[in-house]
>>> print(open('query.cif').read())   # mmCIF, C-alpha atoms
data_my_file
#
loop_
_atom_site.label_atom_id
_atom_site.label_comp_id
_atom_site.auth_asym_id
_atom_site.auth_seq_id
_atom_site.Cartn_x
_atom_site.Cartn_y
_atom_site.Cartn_z
CA MET A 1 79.79 14.52 50.05
CA GLY A 2 77.36 17.02 48.57
CA PHE A 3 75.22 17.83 51.62
CA VAL A 4 75.46 18.19 55.38
CA LEU A 5 72.66 18.01 57.92
CA LEU A 6 72.75 20.21 61.01
CA SER A 7 70.73 19.29 64.08
CA GLY A 8 70.82 20.52 67.66
CA ASP A 9 71.26 16.99 69.00
CA ALA A 10 74.21 16.15 66.70
CA GLU A 11 77.83 16.70 67.69
CA GLY A 12 78.65 18.35 64.38
CA PRO A 13 77.75 18.48 60.69
CA LEU A 14 76.34 15.22 59.34
CA PRO A 15 77.53 14.57 55.76
CA CYS A 16 75.71 12.62 53.05
CA ARG A 17 76.09 12.37 49.29
CA LEU A 18 72.63 13.65 48.33
CA VAL A 19 69.26 14.73 49.75
CA LEU A 20 66.45 13.90 47.35
CA GLY A 21 63.70 16.50 47.57
CA PHE A 22 66.07 19.31 48.63
CA ARG A 23 65.27 21.44 45.58
CA GLU A 24 61.52 21.06 46.17
CA ALA A 25 61.90 21.92 49.88
CA LEU A 26 63.91 25.00 48.98
CA SER A 27 61.27 26.13 46.47
CA ALA A 28 58.47 25.60 49.01
CA ALA A 29 60.40 27.54 51.67
CA GLU A 30 60.83 30.46 49.28
CA ASP A 31 57.26 30.46 47.97
CA PRO A 32 54.23 29.28 50.00
CA ALA A 33 52.31 28.64 46.76
CA VAL A 34 54.72 25.84 45.81
CA ALA A 35 53.85 22.34 47.03
CA MET A 36 56.02 21.15 49.90
CA PRO A 37 57.67 17.72 49.43
CA ALA A 38 56.13 15.00 51.56
CA ARG A 39 59.52 13.35 52.09
CA LEU A 40 63.24 13.97 51.91
CA VAL A 41 65.54 11.02 51.24
CA ILE A 42 69.07 10.86 52.67
CA VAL A 43 71.36 9.16 50.12
CA GLU A 44 74.62 7.53 51.25
CA PRO A 45 75.05 9.00 54.73
CA ASP A 46 78.61 8.78 56.08
CA ALA A 47 79.37 6.75 59.23
CA MET A 48 78.78 9.65 61.65
CA THR A 49 75.46 10.52 59.96
CA ASP A 50 74.39 6.87 60.04
CA ASP A 51 75.20 6.65 63.78
CA TRP A 52 73.05 9.75 64.41
CA LEU A 53 70.19 8.27 62.35
CA ALA A 54 70.46 4.99 64.30
CA ARG A 55 70.17 6.86 67.63
CA TRP A 56 67.20 8.82 66.31
CA SER A 57 65.48 5.64 65.11
CA GLU A 58 65.56 4.31 68.70
CA ASP A 59 64.44 7.56 70.33
CA ASP A 60 60.85 7.14 71.48
CA VAL A 61 60.76 10.50 73.29
CA GLN A 62 61.76 13.03 70.62
CA VAL A 63 60.61 11.68 67.26
CA ARG A 64 60.50 15.11 65.58
CA ARG A 65 63.69 17.00 64.72
CA THR A 66 64.44 20.40 63.24
CA VAL A 67 67.17 19.80 60.67
CA THR A 68 68.97 22.34 58.52
CA ILE A 69 70.10 20.84 55.22
CA CYS A 70 73.03 22.55 53.54
CA ARG A 71 74.13 21.96 49.95
CA THR A 72 77.93 22.15 50.23
CA HIS A 73 78.86 23.43 46.77
CA ASP A 74 77.00 26.73 47.17
CA GLY A 75 76.03 26.89 50.87
CA THR A 76 72.28 26.99 50.14
CA LYS A 77 70.28 25.95 53.22
CA VAL A 78 66.74 24.98 54.08
CA THR A 79 65.41 24.09 57.53
CA ALA A 80 62.75 21.42 57.91
CA VAL A 81 60.79 19.99 60.82
CA VAL A 82 60.82 16.26 60.10
CA THR A 83 60.21 12.82 61.52
CA LEU A 84 62.15 9.71 60.60
CA ALA A 85 59.83 7.79 58.25
CA SER A 86 62.15 4.90 57.31
CA TYR A 87 65.62 3.78 58.31
CA GLY A 88 67.54 0.52 58.31
CA ARG A 89 69.96 -1.66 56.39
CA GLY A 90 68.83 -1.94 52.78
CA THR A 91 66.19 0.76 53.28
CA ALA A 92 66.35 4.30 51.93
CA THR A 93 66.44 6.74 54.83
CA SER A 94 63.33 8.86 54.45
CA LEU A 95 62.25 11.91 56.45
CA ALA A 96 58.56 12.91 56.56
CA VAL A 97 58.38 16.70 56.18
CA GLU A 98 56.08 18.71 58.45
CA SER A 99 57.29 22.21 57.62
CA VAL A 100 60.07 24.05 55.80
CA THR A 101 61.66 27.46 56.17
CA LEU A 102 64.74 29.36 55.13
CA PRO A 103 67.19 29.66 58.06
CA GLN A 104 67.64 33.42 57.63
CA ARG A 105 63.87 34.03 57.87
CA ARG A 106 63.55 32.30 61.26
CA ARG A 107 59.85 31.71 60.70
CA ILE A 108 57.77 29.01 59.11
CA VAL A 109 56.77 29.99 55.58
CA ARG A 110 55.12 26.75 54.53
CA SER A 111 53.75 24.31 57.03
CA GLY A 112 51.37 21.43 57.43
CA VAL A 113 51.39 21.85 61.22
CA HIS A 114 51.44 24.87 63.50
CA PRO A 115 52.83 25.25 67.02
CA LYS A 116 50.20 25.38 69.77
CA SER A 117 51.51 28.82 70.79
CA PHE A 118 50.71 30.16 67.31
CA LEU A 119 47.16 28.79 67.39
CA ASP A 120 46.62 30.16 70.90
CA ALA A 121 47.79 33.61 69.77
CA VAL A 122 45.46 33.57 66.75
CA LEU A 123 42.49 32.50 68.87
CA SER A 124 43.32 35.16 71.45
CA ARG A 125 43.30 37.88 68.79
CA VAL A 126 39.99 36.63 67.40
CA ARG A 127 38.44 36.64 70.88
CA GLN A 128 39.66 40.22 71.40
CA GLY A 129 37.93 41.31 68.21
CA GLN A 130 41.14 41.69 66.20
CA GLY A 131 40.25 39.04 63.62
CA GLY A 132 40.60 39.74 59.94
CA ALA A 133 43.73 41.71 59.06
CA GLY A 134 45.45 41.09 62.43
CA VAL A 135 45.28 37.34 61.98
CA ALA A 136 46.44 37.41 58.36
CA ASN A 137 49.68 39.21 59.32
CA PHE A 138 50.57 36.96 62.26
CA GLU A 139 53.38 34.54 61.42
CA PRO A 140 54.37 31.54 63.55
CA THR A 141 57.97 31.24 64.64
CA ASP A 142 59.96 28.05 64.32
CA PRO A 143 59.33 26.02 67.51
CA SER A 144 62.83 24.49 67.47
CA PRO A 145 65.29 25.27 70.28
CA GLY A 146 67.55 28.21 69.56
CA ALA A 147 65.16 29.83 67.10
#
>>> encode(input="query.cif", output="structure tokens")
Amino acid sequence: MGFVLLSGDAEGPLPCRLVLGFREALSAAEDPAVAMPARLVIVEPDAMTDDWLARWSEDDVQVRRTVTICRTHDGTKVTAVVTLASYGRGTATSLAVESVTLPQRRRIVRSGVHPKSFLDAVLSRVRQGQGGAGVANFEPTDPSPGA
């Protein structure tokens, strides 16, 4: 297996053969000017990974997950906030990407969504007259548990 997925709700690393879109997610996490992939595709998940995906597909409470994807041959990692877009027998498992970051940065570099706490902080600074440069330097933190 060439990749493992790490998630707070999984009992351990979740192996799969390949994650299509990994390279693009890594590039977007390193450089905000690079387009973020809309989807990541999990290719040939092992039995444990498939069981985790099956549980997630039935979870109507927590549809969004923060998943760290690790390429096993060199240890390169990228963390993405994703939702399960497609899953099932005969269907490619696809994850819709909301944001990506590098695990060591512990902040969102490229995102299509922002945590409410980030938006509240920005609006608070604007109301206090600290708009402009103060807002430009404010960076949202990853809203996932343990961040």
>>> atom_distance(input="query.cif", atom1="CA of Thr91 in chain A", atom2="CA of Lys77 in chain A")
25.5 Å
>>> residues_around(input="query.cif", residues="Ala38 in chain A", least_positions_apart="4", cutoff="9 Å", atoms="only C-alpha atoms", output="ChimeraX atom specification")
/A:21,95-98
>>> atom_distance(input="query.cif", atom1="CA of Ser7 in chain A", atom2="CA of Arg55 in chain A")
12.9 Å
>>> closest_residue(input="query.cif", among="A:Asp46, A:Gln62, A:Ile69, A:Met36", to="Leu6 in chain A", atoms="only C-alpha atoms")
A:Ile69
>>> closest_residue(input="query.cif", among="A:Val41, A:Val126, A:Ala10, A:Val67", to="Leu102 in chain A", atoms="all atoms listed in the file")
A:Val67
>>> resolve_selection(input="query.cif", expression="the PyMOL selection byres ((chain A and resi 85) around 9)", output="VMD selection string")
chain A and resid 39 82 to 84 86 to 87 93 to 96
>>> resolve_selection(input="query.cif", expression="the PyMOL selection byres ((chain A and resi 16) around 9)", output="list in words")
Met1, Gly2, Phe3, Val4, Leu5, Leu14, Pro15, Arg17, Leu18, Val19, Ile42, Val43, Glu44, Pro45, Asp46 and Thr49 of chain A
>>> atom_distance(input="query.cif", atom1="CA of Ser27 in chain A", atom2="CA of Thr76 in chain A")
11.6 Å
>>> closest_residue(input="query.cif", among="A:Pro13, A:Glu30, A:Thr101, A:Asp59", to="Ala47 in chain A", atoms="only C-alpha atoms")
A:Pro13
>>> residues_around(input="query.cif", residues="Ala29 in chain A", least_positions_apart="3", cutoff="8 Å", atoms="only C-alpha atoms", output="list of chain:residue names")
A:Ala25, A:Leu26, A:Pro32, A:Met36, A:Val78, A:Val100, A:Thr101, A:Leu102, A:Val109, A:Arg110
>>> closest_residue(input="query.cif", among="A:Gly129, A:Val63, A:Ser99, A:Met48", to="Thr79 in chain A", atoms="all atoms listed in the file")
A:Ser99
>>> axis_aligned_box(input="query.cif", around="range 83-95 of chain A", padding_each_side="8 Å", output="lines of an AutoDock Vina configuration file")
center_x = 64.9
center_y = 5.4
center_z = 56.7
size_x = 26.1
size_y = 30.8
size_z = 25.6
>>> closest_residue(input="query.cif", among="A:Ala121, A:Ser57, A:Phe22, A:Trp52", to="Ala80 in chain A", atoms="all atoms listed in the file")
A:Phe22
>>> closest_residue(input="query.cif", among="A:Arg89, A:Thr68, A:Leu123, A:Val81", to="Gln104 in chain A", atoms="only C-alpha atoms")
A:Thr68
